[in-house]
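Colleague: Have a peek at run30.txt (compact mmCIF, C-alpha atoms and all ligand atoms).
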```txt
# COMPACT_ATOMS: atom_id res chain seq x y z
CA MET H 218 -10.16 7.76 -30.76
CA ALA H 219 -10.43 4.55 -28.77
CA ASN H 220 -11.32 1.56 -30.90
CA VAL H 221 -13.00 -0.37 -28.12
CA SER H 222 -14.77 -3.02 -30.15
CA ILE H 223 -11.79 -4.14 -32.26
CA PRO H 224 -9.81 -7.01 -30.71
CA GLU H 225 -6.02 -6.99 -30.61
CA TYR H 226 -4.29 -8.19 -33.77
CA ARG H 227 -0.85 -8.83 -35.19
CA ILE H 228 0.78 -6.27 -37.48
CA THR H 229 4.14 -5.85 -39.17
CA VAL H 230 6.53 -3.05 -38.36
CA ASP H 231 5.70 -1.52 -41.78
CA GLN H 232 2.11 -0.90 -40.65
CA LEU H 233 3.18 1.25 -37.70
CA ARG H 234 2.49 4.95 -37.41
CA PRO H 235 2.38 7.39 -34.50
CA GLY H 236 -0.79 6.98 -32.43
CA VAL H 237 -0.85 3.17 -32.63
CA PHE H 238 -0.66 1.38 -29.28
CA VAL H 239 1.52 -1.71 -29.50
CA ARG H 240 2.66 -4.62 -27.41
CA LEU H 241 6.02 -6.25 -28.03
CA GLU H 242 5.58 -9.99 -28.19
CA ARG H 243 7.52 -12.33 -25.92
CA ALA H 244 9.36 -9.27 -24.71
CA ASN H 245 11.48 -9.54 -21.66
CA TRP H 246 12.09 -6.18 -19.96
CA PHE H 247 15.82 -6.56 -20.56
CA SER H 248 15.44 -7.45 -24.24
CA HIS H 249 14.40 -3.98 -25.40
CA PRO H 250 15.30 -0.45 -24.33
CA PHE H 251 11.72 0.78 -23.70
CA LEU H 252 10.33 1.21 -20.22
CA PHE H 253 7.35 -1.00 -20.97
CA SER H 254 6.57 -3.82 -23.35
CA SER H 255 3.30 -2.02 -24.21
CA PHE H 256 3.16 1.62 -25.25
CA LYS H 257 1.74 4.09 -27.70
CA ILE H 258 3.98 4.96 -30.66
CA LYS H 259 4.59 8.68 -30.45
CA THR H 260 7.20 9.42 -33.11
CA THR H 261 8.58 7.96 -36.30
CA ASP H 262 11.91 7.71 -34.46
CA GLN H 263 10.38 5.07 -32.21
CA ILE H 264 9.38 3.08 -35.29
CA ALA H 265 12.95 3.30 -36.56
CA ILE H 266 14.19 1.99 -33.20
CA ILE H 267 11.80 -0.95 -33.35
CA ARG H 268 13.20 -1.74 -36.82
CA GLU H 269 16.75 -1.33 -35.57
CA LEU H 270 16.02 -3.87 -32.82
CA GLY H 271 15.13 -6.38 -35.52
CA ILE H 272 11.48 -6.61 -34.45
CA THR H 273 9.33 -7.41 -37.47
CA GLU H 274 5.94 -8.13 -35.92
CA LEU H 275 3.98 -6.64 -33.00
CA ILE H 276 0.52 -6.77 -31.49
CA CYS H 277 -1.71 -3.76 -32.08
CA VAL H 278 -4.08 -2.82 -29.22
CA PRO H 279 -6.88 -0.87 -30.97
CA GLU H 280 -8.63 -0.08 -27.66
CA LYS H 281 -5.72 2.13 -26.64
CA SER H 282 -4.75 3.47 -30.06
CA ASP H 283 -5.50 6.97 -31.34
CA VAL H 284 -5.35 5.76 -34.94
CA LEU H 285 -5.37 2.31 -36.49
CA PRO H 286 -2.19 1.00 -38.15
CA PHE H 287 -1.79 1.20 -41.92
CA LYS H 288 -3.50 -1.67 -43.70
CA PRO H 289 -0.96 -4.10 -45.22
CA THR H 290 -1.97 -2.80 -48.66
CA GLU H 291 -1.40 0.84 -47.81
CA THR H 292 1.97 0.64 -46.07
CA PRO H 293 4.30 3.38 -47.30
CA GLU H 294 6.95 1.97 -49.59
CA GLN H 295 9.68 4.09 -48.17
CA PRO H 296 9.40 4.38 -44.40
CA GLU H 297 9.84 7.93 -43.17
CA ALA H 298 13.49 8.57 -42.36
CA PRO H 299 14.16 9.25 -38.68
CA LYS H 300 15.51 12.67 -37.74
CA THR H 301 18.25 11.21 -35.56
CA PRO H 302 20.13 8.03 -36.50
CA PRO H 303 18.33 5.16 -34.73
CA THR H 304 21.59 3.73 -33.39
CA GLU H 305 22.23 6.98 -31.53
CA ILE H 306 18.73 7.05 -30.02
CA LEU H 307 19.04 3.38 -29.20
CA ASP H 308 22.29 3.93 -27.32
CA ALA H 309 20.74 6.78 -25.36
CA LEU H 310 17.68 4.66 -24.52
CA TRP H 311 19.81 1.75 -23.33
CA GLU H 312 21.79 4.14 -21.19
CA LEU H 313 18.58 5.45 -19.66
CA LYS H 314 17.32 1.96 -19.08
CA LYS H 315 20.57 0.92 -17.41
CA GLU H 316 20.20 3.90 -15.11
CA ARG H 317 16.61 2.89 -14.41
CA ALA H 318 17.60 -0.71 -13.67
CA LYS H 319 20.18 0.59 -11.20
CA ARG H 320 17.64 2.74 -9.41
CA LEU H 321 15.16 -0.16 -9.41
CA GLN H 322 17.79 -2.31 -7.77
CA GLU H 323 18.45 0.36 -5.13
CA LYS H 324 14.74 0.76 -4.50
CA LYS H 325 14.33 -3.00 -4.07
CA GLN H 326 17.26 -3.08 -1.72
CA ARG H 327 15.67 -0.32 0.36
CA ILE H 328 12.34 -2.11 0.46
CA ALA H 329 14.05 -5.37 1.45
CA GLU H 330 15.84 -3.56 4.30
CA CYS H 331 12.55 -1.99 5.38
CA GLU H 332 10.93 -5.46 5.36
CA ASN H 333 13.73 -6.86 7.48
CA ARG H 334 13.33 -4.05 9.97
CA TYR H 335 9.60 -4.68 10.00
CA ILE H 336 10.10 -8.39 10.71
CA SER H 337 12.51 -7.66 13.55
CA SER H 338 10.14 -4.99 14.89
CA VAL H 339 7.30 -7.51 15.04
CA ARG H 340 9.66 -9.88 16.86
CA ASP H 341 10.77 -7.18 19.33
CA PHE H 342 7.22 -6.08 19.90
CA THR H 343 6.13 -9.67 20.60
CA ASN H 344 8.64 -9.80 23.46
CA ILE H 345 7.67 -6.37 24.74
CA MET H 346 3.96 -7.24 24.71
CA ASN H 347 4.59 -10.49 26.60
CA GLY H 348 6.63 -8.53 29.14
CA ILE H 349 3.83 -5.99 29.63
CA ILE H 350 1.31 -8.79 30.14
CA ARG H 351 3.58 -10.02 32.95
CA SER H 352 3.68 -6.43 34.36
CA ASN H 353 7.37 -6.11 33.63
CA ALA H 354 8.42 -2.46 34.07
CA GLN H 355 11.51 -3.00 31.88
CA SER H 356 9.18 -3.77 28.96
CA VAL H 357 7.61 -0.32 29.31
CA LEU H 358 11.04 1.23 28.80
CA GLU H 359 11.60 -0.96 25.77
CA ALA H 360 8.20 -0.01 24.38
CA GLU H 361 9.00 3.66 24.91
CA ALA H 362 12.32 3.28 23.13
CA PHE H 363 10.52 1.57 20.27
CA VAL H 364 7.90 4.33 20.04
CA ALA H 365 10.63 6.98 20.33
CA ARG H 366 12.29 5.59 17.20
CA LEU H 367 9.02 5.75 15.31
CA THR H 368 8.39 9.27 16.65
CA ASP H 369 11.83 10.49 15.58
CA HIS H 370 11.27 9.02 12.20
CA PHE H 371 7.90 10.66 11.68
CA LEU H 372 8.98 14.01 13.04
CA GLN H 373 12.31 14.20 11.24
CA ASP H 374 11.36 12.84 7.87
CA ALA H 375 8.47 14.92 6.56
CA GLU H 376 8.59 13.07 3.25
CA SER H 377 8.51 9.66 4.85
CA THR H 378 6.87 7.02 2.82
CA LEU H 379 4.43 4.36 3.94
CA HIS H 380 5.40 0.97 2.51
CA LEU H 381 3.34 -2.13 1.99
CA MET H 382 5.22 -5.01 3.60
CA ASN H 383 5.49 -7.89 1.20
CA VAL H 384 6.17 -10.54 3.80
CA MET H 385 4.30 -13.69 4.55
CA GLU H 386 3.47 -13.19 8.17
CA ARG H 387 3.89 -16.15 10.38
CA THR H 388 3.25 -13.93 13.35
CA GLU H 389 -0.13 -13.88 15.00
CA PRO H 390 -2.37 -10.92 14.26
CA ILE H 391 -2.32 -10.13 17.98
CA TYR H 392 1.20 -8.74 17.37
CA SER H 393 1.12 -7.40 13.81
CA HIS H 394 -2.24 -5.64 14.19
CA PRO H 395 -1.09 -3.30 17.01
CA LEU H 396 2.06 -2.46 15.07
CA ASN H 397 0.03 -1.57 12.02
CA VAL H 398 -2.36 0.52 14.11
CA ALA H 399 0.56 2.32 15.75
CA VAL H 400 2.24 3.15 12.42
CA LEU H 401 -1.04 4.39 10.91
CA SER H 402 -2.01 6.38 14.01
CA MET H 403 1.38 8.06 14.23
CA MET H 404 1.18 8.91 10.57
CA VAL H 405 -2.01 10.85 11.36
CA GLY H 406 -0.33 12.33 14.45
CA ARG H 407 2.43 13.72 12.25
CA GLU H 408 -0.14 15.05 9.77
CA ILE H 409 -1.98 17.01 12.48
CA ARG H 410 1.37 18.18 13.86
CA LEU H 411 1.36 16.58 17.30
CA ASP H 412 4.48 17.38 19.28
CA ALA H 413 7.01 14.72 20.25
CA GLN H 414 5.44 14.19 23.68
CA ASP H 415 1.96 13.57 22.26
CA MET H 416 3.34 11.40 19.48
CA LYS H 417 4.90 9.14 22.10
CA LEU H 418 1.64 8.96 24.03
CA LEU H 419 -0.27 8.15 20.85
CA GLY H 420 2.26 5.48 19.91
CA MET H 421 2.08 3.82 23.33
CA GLY H 422 -1.72 3.89 23.38
CA ALA H 423 -1.93 2.49 19.85
CA LEU H 424 0.62 -0.27 20.48
CA PHE H 425 -1.26 -1.55 23.52
CA HIS H 426 -4.84 -0.72 22.53
CA ASP H 427 -5.84 -4.39 22.39
CA LEU H 428 -3.65 -5.56 25.27
CA GLY H 429 -6.78 -6.67 27.16
CA LYS H 430 -7.46 -9.30 24.53
CA SER H 431 -4.69 -11.33 26.13
CA ARG H 432 -7.24 -12.06 28.88
CA ILE H 433 -9.81 -13.40 26.44
CA GLU H 434 -9.85 -16.94 25.18
CA LYS H 435 -8.17 -17.27 21.78
CA LYS H 436 -10.99 -19.47 20.56
CA LEU H 437 -13.45 -16.63 21.06
CA LEU H 438 -11.11 -14.04 19.51
CA LEU H 439 -10.73 -16.14 16.38
CA LYS H 440 -14.35 -17.27 16.19
CA ARG H 441 -15.84 -16.68 12.76
CA GLY H 442 -19.35 -15.52 12.02
CA GLN H 443 -21.84 -13.76 14.24
CA LEU H 444 -21.04 -13.75 17.98
CA SER H 445 -23.76 -14.41 20.56
CA LYS H 446 -24.70 -11.57 22.90
CA PRO H 447 -22.72 -12.99 25.87
CA GLU H 448 -19.72 -13.59 23.60
CA GLN H 449 -19.89 -10.02 22.34
CA GLU H 450 -20.07 -8.79 25.93
CA VAL H 451 -16.85 -10.65 26.76
CA ILE H 452 -15.09 -9.11 23.72
CA GLU H 453 -16.29 -5.66 24.78
CA ARG H 454 -14.48 -6.01 28.06
CA HIS H 455 -11.03 -5.92 26.44
CA PRO H 456 -10.50 -2.15 26.77
CA ALA H 457 -11.12 -2.35 30.53
CA PHE H 458 -8.96 -5.50 30.83
CA GLY H 459 -6.17 -3.60 29.09
CA VAL H 460 -6.38 -0.74 31.57
CA GLU H 461 -6.39 -3.22 34.45
CA ILE H 462 -3.17 -4.83 33.24
CA LEU H 463 -1.52 -1.45 32.65
CA SER H 464 -2.58 -0.05 36.03
CA LYS H 465 -0.23 -2.57 37.65
CA ILE H 466 2.74 -0.95 35.92
CA LYS H 467 3.22 2.53 37.34
CA GLU H 468 5.79 3.38 34.64
CA PHE H 469 3.16 3.20 31.92
CA PRO H 470 2.15 6.75 30.84
CA ASP H 471 -1.30 7.78 32.17
CA GLY H 472 -2.58 9.46 29.03
CA ALA H 473 -1.96 6.32 27.00
CA THR H 474 -4.32 4.33 29.23
CA ASP H 475 -7.19 6.63 28.17
CA ILE H 476 -6.49 5.69 24.57
CA VAL H 477 -6.62 2.00 25.46
CA LEU H 478 -9.91 2.45 27.31
CA GLN H 479 -11.63 4.56 24.68
CA HIS H 480 -10.50 3.15 21.34
CA HIS H 481 -13.93 1.56 20.72
CA GLU H 482 -15.93 4.65 21.64
CA ARG H 483 -17.57 6.25 18.63
CA MET H 484 -18.44 9.87 17.86
CA ASP H 485 -22.20 9.14 17.70
CA GLY H 486 -22.19 7.37 21.08
CA SER H 487 -22.64 3.89 19.58
CA GLY H 488 -19.31 2.53 20.86
CA TYR H 489 -18.21 0.81 24.06
CA PRO H 490 -17.51 0.45 26.97
CA THR H 491 -19.21 3.65 28.14
CA GLU H 492 -20.95 5.04 25.02
CA MET H 493 -19.03 8.29 25.21
CA SER H 494 -19.58 10.60 22.27
CA GLY H 495 -18.06 13.50 20.35
CA GLU H 496 -15.39 15.66 21.86
CA SER H 497 -15.55 13.91 25.22
CA ILE H 498 -13.58 11.05 23.66
CA HIS H 499 -9.81 11.50 24.01
CA PRO H 500 -8.57 12.96 20.68
CA MET H 501 -5.88 10.31 20.40
CA ALA H 502 -8.41 7.55 21.03
CA ARG H 503 -10.32 9.00 18.07
CA ILE H 504 -7.21 8.59 15.91
CA VAL H 505 -6.63 5.00 17.06
CA ALA H 506 -10.33 4.21 16.43
CA ILE H 507 -9.84 5.14 12.76
CA ALA H 508 -6.54 3.25 12.28
CA ASP H 509 -7.94 0.22 14.15
CA THR H 510 -11.13 0.05 12.08
CA TYR H 511 -9.16 0.43 8.84
CA ASP H 512 -6.75 -2.38 9.73
CA ASN H 513 -9.62 -4.66 10.74
CA LEU H 514 -11.45 -4.00 7.46
CA CYS H 515 -8.30 -4.77 5.42
CA ASN H 516 -7.39 -7.81 7.52
CA ASN H 517 -10.64 -9.46 8.48
CA LYS H 518 -10.39 -12.68 10.52
CA GLU H 519 -12.40 -14.15 7.67
CA PRO H 520 -9.92 -13.41 4.84
CA GLU H 521 -12.53 -13.60 2.10
CA GLU H 522 -14.33 -10.73 3.81
CA SER H 523 -11.23 -8.49 3.81
CA LEU H 524 -11.56 -5.30 1.81
CA THR H 525 -8.86 -3.81 -0.38
CA PRO H 526 -7.35 -0.66 1.15
CA TYR H 527 -9.15 1.48 -1.43
CA LEU H 528 -12.52 -0.08 -0.60
CA ALA H 529 -11.88 0.04 3.14
CA LEU H 530 -11.35 3.80 2.90
CA SER H 531 -14.41 4.23 0.68
CA TYR H 532 -16.49 2.21 3.14
CA MET H 533 -15.34 4.19 6.17
CA PHE H 534 -15.88 7.49 4.42
CA GLY H 535 -19.18 6.50 2.82
CA GLN H 536 -20.92 4.29 5.38
CA GLN H 537 -19.26 4.95 8.70
CA LYS H 538 -18.52 8.65 8.60
CA LYS H 539 -20.65 9.49 11.64
CA LEU H 540 -18.67 7.06 13.80
CA PHE H 541 -15.43 8.96 13.43
CA ASP H 542 -14.01 12.42 13.92
CA THR H 543 -14.53 13.90 10.47
CA GLU H 544 -11.38 16.00 10.46
CA LEU H 545 -9.21 13.12 11.63
CA LEU H 546 -10.76 10.80 9.07
CA ALA H 547 -9.94 13.38 6.39
CA SER H 548 -6.33 13.51 7.66
CA PHE H 549 -6.16 9.72 7.58
CA ILE H 550 -7.35 9.63 3.98
CA ARG H 551 -4.97 12.44 3.09
CA CYS H 552 -2.04 10.43 4.47
CA LEU H 553 -2.95 7.13 2.86
CA GLY H 554 -3.63 8.67 -0.50
CA VAL H 555 -6.34 7.98 -2.99
CA TYR H 556 -4.71 4.65 -3.73
CA PRO H 557 -3.36 3.32 -0.42
CA PRO H 558 -0.53 0.76 -0.55
CA GLY H 559 -2.00 -2.64 -1.29
CA THR H 560 -4.50 -1.29 -3.82
CA VAL H 561 -4.48 -3.03 -7.20
CA VAL H 562 -4.56 -0.50 -10.01
CA GLN H 563 -4.64 -0.32 -13.77
CA LEU H 564 -2.30 2.22 -15.32
CA THR H 565 -3.10 4.32 -18.36
CA ASN H 566 -1.01 2.01 -20.58
CA GLY H 567 -3.15 -0.97 -19.53
CA THR H 568 -0.55 -2.47 -17.17
CA ILE H 569 -1.88 -3.86 -13.90
CA GLY H 570 0.02 -3.43 -10.67
CA MET H 571 -0.19 -3.06 -6.93
CA VAL H 572 0.57 0.16 -5.07
CA MET H 573 3.65 -0.46 -2.92
CA SER H 574 4.23 2.85 -1.26
CA VAL H 575 2.79 6.28 -1.10
CA ASN H 576 4.39 9.59 -0.43
CA PRO H 577 1.80 11.76 1.33
CA HIS H 578 2.92 14.75 -0.73
CA ASN H 579 2.36 13.06 -4.05
CA GLN H 580 -0.54 10.71 -3.48
CA LEU H 581 -1.78 10.40 -7.02
CA ARG H 582 1.64 9.17 -8.12
CA PRO H 583 2.58 6.22 -5.89
CA SER H 584 5.17 3.47 -6.50
CA VAL H 585 3.57 0.50 -8.21
CA VAL H 586 4.88 -3.05 -8.63
CA LEU H 587 3.86 -4.26 -12.07
CA TYR H 588 2.44 -7.51 -13.33
CA ASP H 589 4.32 -8.77 -16.37
CA SER H 590 3.99 -12.41 -17.33
CA GLU H 591 7.45 -12.24 -18.95
CA VAL H 592 9.18 -11.06 -15.78
CA PRO H 593 9.60 -13.53 -12.89
CA LYS H 594 7.66 -12.48 -9.81
CA LYS H 595 10.86 -12.01 -7.82
CA GLU H 596 12.20 -9.53 -10.37
CA ALA H 597 8.92 -7.67 -10.80
CA LEU H 598 9.36 -4.12 -11.98
CA ILE H 599 8.51 -1.20 -9.77
CA VAL H 600 7.55 2.03 -11.44
CA GLU H 601 7.69 5.37 -9.65
CA LEU H 602 4.76 7.23 -11.11
CA ALA H 603 6.16 10.47 -9.72
CA GLU H 604 8.93 10.14 -12.32
CA GLU H 605 6.77 9.16 -15.28
CA ASN H 606 5.08 12.02 -17.07
CA ASP H 607 3.10 9.84 -19.44
CA LEU H 608 1.81 7.32 -16.98
CA ARG H 609 -0.97 7.63 -14.42
CA VAL H 610 -3.28 5.41 -12.44
CA GLU H 611 -6.44 4.89 -14.47
CA LYS H 612 -8.54 3.04 -11.93
CA SER H 613 -8.49 0.74 -8.95
CA ILE H 614 -9.41 -2.90 -9.52
CA ARG H 615 -11.20 -5.27 -7.14
CA LEU H 616 -9.11 -8.31 -6.25
CA SER H 617 -12.02 -10.56 -7.17
CA HIS H 618 -11.90 -9.16 -10.71
CA LEU H 619 -8.28 -10.19 -11.25
CA PRO H 620 -7.39 -13.26 -13.31
CA PRO H 621 -5.89 -15.88 -10.94
CA GLU H 622 -2.37 -15.60 -12.41
CA ILE H 623 -2.27 -11.85 -11.79
CA PHE H 624 -3.75 -12.25 -8.31
CA GLU H 625 -1.08 -14.81 -7.47
CA TYR H 626 1.69 -12.63 -8.92
CA LEU H 627 0.71 -9.48 -7.08
CA SER H 628 -0.59 -10.61 -3.72
CA PRO H 629 1.45 -13.29 -2.03
CA ARG H 630 0.95 -11.77 1.39
CA SER H 631 -1.58 -12.92 3.90
CA ARG H 632 -2.08 -9.51 5.46
CA ILE H 633 -1.94 -5.89 4.44
CA SER H 634 0.80 -4.52 6.70
CA TYR H 635 2.43 -1.14 6.62
CA PHE H 636 5.76 0.08 7.82
CA VAL H 637 7.99 3.09 7.39
CA ASP H 638 11.53 3.38 6.23
CA LEU H 639 13.26 3.58 9.61
CA ASP H 640 16.96 4.12 9.23
CA SER H 641 18.99 1.52 11.02
FE FE H 701 -9.91 -3.25 20.31
FE FE H 702 -7.57 -3.41 17.49
```
Spit out the file's structure as structure tokens when you get a sec.

Modeller:
Amino acid sequence: MANVSIPEYRITVDQLRPGVFVRLERANWFSHPFLFSSFKIKTTDQIAIIRELGITELICVPEKSDVLPFKPTETPEQPEAPKTPPTEILDALWELKKERAKRLQEKKQRIAECENRYISSVRDFTNIMNGIIRSNAQSVLEAEAFVARLTDHFLQDAESTLHLMNVMERTEPIYSHPLNVAVLSMMVGREIRLDAQDMKLLGMGALFHDLGKSRIEKKLLLKRGQLSKPEQEVIERHPAFGVEILSKIKEFPDGATDIVLQHHERMDGSGYPTEMSGESIHPMARIVAIADTYDNLCNNKEPEESLTPYLALSYMFGQQKKLFDTELLASFIRCLGVYPPGTVVQLTNGTIGMVMSVNPHNQLRPSVVLYDSEVPKKEALIVELAEENDLRVEKSIRLSHLPPEIFEYLSPRSRISYFVDLDS
């Protein structure tokens, strides 16, 4: 029974009974032994623990309750005795919570290391890209070494997780976009079981797919709103410009140049530069086309137009399906999960959070960073849904529907960027 129309109200601990959904007031995560400050009472033991903690009043959330609390007049005089002494349960719960806090700390440490590696990868890639623009053969070797590390990672770690990078990017999109496209493309490459050789080719093609944009005026690249026909024609020359730059470096792998040239071709022949269609488009260019479009939808040059990862996938699958290789698009969606990192979700206990990482083998149960007004943003809790039996994602929420304080808490980043947990 969900009591949707009844607003939340304050109750005493004596009014509690199993089935009532409660919120602990002014609760700091470390001030009580429960995983959340809001939860449904399941047993009379839990009520005894709440008493033991000295909590006398709570907020009842009728919308999420199976039954309403006792009325103050009907509270049982003698509360039901718990089966196990509350102090014992309490000790066990604290122990569990300590263990959880330790794992949370380790997880945060791992994410922080991953973010550092991401930042240094963007920095390295910036140098490599500038070297390639100057036709420096040494930069090709560095790019190959970089791609080889990503390849090893994807091929050795079948369970590898895609993380949302929570860093304010001061880098220009010209560098972070290709990195994102490379990580996403190689994720698909792993999914369709490309061998190491092809993975390297895919990585190189994806990293330099927009290299030709270095020949186009920045002002035009960043121009907002509708482009004029001549302006659009200039933009559409970037695949060919890219190939021209790469053709001067004989060390650059041939197959990867096809990816650069064809990443804007579309399955229905509506792409550019040569309106190729269907199977005639290089299979790896078809992968990069998907990753590229997704990244551009999530990170529009007009930020207010950017879609959430969840909506970007829905849009590509719903409105643009004929532009892409259907099987590859399905693989892409399979890898990113139903709730790709960066998606804001509401959990079944009402908590709101943002998906941080997704394990392709357990997509419906991602890691989620939680909004809790009582927990400072820096210490925000991360819950691994794969480890929580009682907790699931209920729905995805549009960013525009979030109250400003939650928006600010959950999304400090300027771009949606992904990276993988490369070991150092
Ligand atoms: Fe492009
Ligand atoms: Fe691109």

Colleague: Near Gly420 in chain H, counting all atoms listed in the file, which residues have an atom at most 9 Å away, once you skip same-chain residues fewer than 2 positions from it, shown as a ChimeraX atom specification?

Modeller: /H:361,364-365,367-368,398-400,402-403,415-418,422-425,473

Colleague: In terms of the shortest atom-to-atom distance over only C-alpha atoms and all ligand atoms, which of H:Ser487, H:Ser248, H:Thr229, H:Asn517 is closest to ligand FE 702 (chain H)?

Modeller: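 Distance minimum relative to ligand FE 702 (chain H) lands on H:Asn517.
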
Colleague: Compare H:Ile452, H:Ile409, H:Val239, H:Cys331 by their minimum atom-to-atom distance to ligand FE 701 (chain H), counting only C-alpha atoms and all ligand atoms, and give me the closest one.

Modeller: H:Ile452

Colleague: Can you tell me which residues come within 9 Å of ligand FE 701 (chain H) when counting only C-alpha atoms and all ligand atoms, ideally as a list of chain:residue names?

Modeller: H:His426, H:Asp427, H:Leu428, H:Gly429, H:Lys430, H:Ile452, H:Glu453, H:His455, H:Pro456, H:Val477, H:His480, H:His481, H:Ala506, H:Asp509, H:Thr510

Colleague: Would you mind exporting the chosen residues as a compact mmCIF listing (two decimals), in the frame of the given file, restricted to C-alpha atoms?

Modeller:
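selection.txt, written as the output of this step:
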```txt
# COMPACT_ATOMS: atom_id res chain seq x y z
CA HIS H 426 -4.84 -0.72 22.53
CA ASP H 427 -5.84 -4.39 22.39
CA LEU H 428 -3.65 -5.56 25.27
CA GLY H 429 -6.78 -6.67 27.16
CA LYS H 430 -7.46 -9.30 24.53
CA ILE H 452 -15.09 -9.11 23.72
CA GLU H 453 -16.29 -5.66 24.78
CA HIS H 455 -11.03 -5.92 26.44
CA PRO H 456 -10.50 -2.15 26.77
CA VAL H 477 -6.62 2.00 25.46
CA HIS H 480 -10.50 3.15 21.34
CA HIS H 481 -13.93 1.56 20.72
CA ALA H 506 -10.33 4.21 16.43
CA ASP H 509 -7.94 0.22 14.15
CA THR H 510 -11.13 0.05 12.08
```

Colleague: Could you work out how far CA of Phe469 in chain H lies from CA of Ala362 in chain H, giving the answer in Å with one decimal?

Modeller: 12.7 Å

Colleague: Could you check how far CA of Lys315 in chain H sits from CA of Val586 in chain H, in Å to one decimal?

Modeller: 18.4 Å

Colleague: With N, CA and C atoms as the goal, would you fill in the gaps in range 321-333 of chain H and present it as a JSON list (two decimals), in the frame of the given file?

Modeller:
```json
[["chain", "number", "residue", "atom", "x", "y", "z"],
["H", 321, "LEU", "N", 16.13, 0.88, -9.80],
["H", 321, "LEU", "CA", 15.16, -0.16, -9.41],
["H", 321, "LEU", "C", 15.80, -1.09, -8.39],
["H", 322, "GLN", "N", 17.06, -1.44, -8.67],
["H", 322, "GLN", "CA", 17.79, -2.31, -7.77],
["H", 322, "GLN", "C", 17.93, -1.66, -6.39],
["H", 323, "GLU", "N", 18.29, -0.36, -6.40],
["H", 323, "GLU", "CA", 18.45, 0.36, -5.13],
["H", 323, "GLU", "C", 17.14, 0.42, -4.37],
["H", 324, "LYS", "N", 16.08, 0.66, -5.12],
["H", 324, "LYS", "CA", 14.74, 0.76, -4.50],
["H", 324, "LYS", "C", 14.39, -0.60, -3.85],
["H", 325, "LYS", "N", 14.66, -1.68, -4.60],
["H", 325, "LYS", "CA", 14.33, -3.00, -4.07],
["H", 325, "LYS", "C", 15.13, -3.31, -2.81],
["H", 326, "GLN", "N", 16.39, -2.88, -2.87],
["H", 326, "GLN", "CA", 17.26, -3.08, -1.72],
["H", 326, "GLN", "C", 16.69, -2.36, -0.49],
["H", 327, "ARG", "N", 16.23, -1.14, -0.72],
["H", 327, "ARG", "CA", 15.67, -0.32, 0.36],
["H", 327, "ARG", "C", 14.40, -0.95, 0.92],
["H", 328, "ILE", "N", 13.58, -1.47, 0.02],
["H", 328, "ILE", "CA", 12.34, -2.11, 0.46],
["H", 328, "ILE", "C", 12.67, -3.38, 1.26],
["H", 329, "ALA", "N", 13.67, -4.14, 0.75],
["H", 329, "ALA", "CA", 14.05, -5.37, 1.45],
["H", 329, "ALA", "C", 14.55, -5.04, 2.86],
["H", 330, "GLU", "N", 15.34, -3.95, 2.97],
["H", 330, "GLU", "CA", 15.84, -3.56, 4.30],
["H", 330, "GLU", "C", 14.68, -3.16, 5.20],
["H", 331, "CYS", "N", 13.73, -2.43, 4.61],
["H", 331, "CYS", "CA", 12.55, -1.99, 5.38],
["H", 331, "CYS", "C", 11.77, -3.23, 5.85],
["H", 332, "GLU", "N", 11.66, -4.24, 4.98],
["H", 332, "GLU", "CA", 10.93, -5.46, 5.36],
["H", 332, "GLU", "C", 11.64, -6.20, 6.49],
["H", 333, "ASN", "N", 12.98, -6.21, 6.41],
["H", 333, "ASN", "CA", 13.73, -6.86, 7.48],
["H", 333, "ASN", "C", 13.53, -6.15, 8.80]]
```
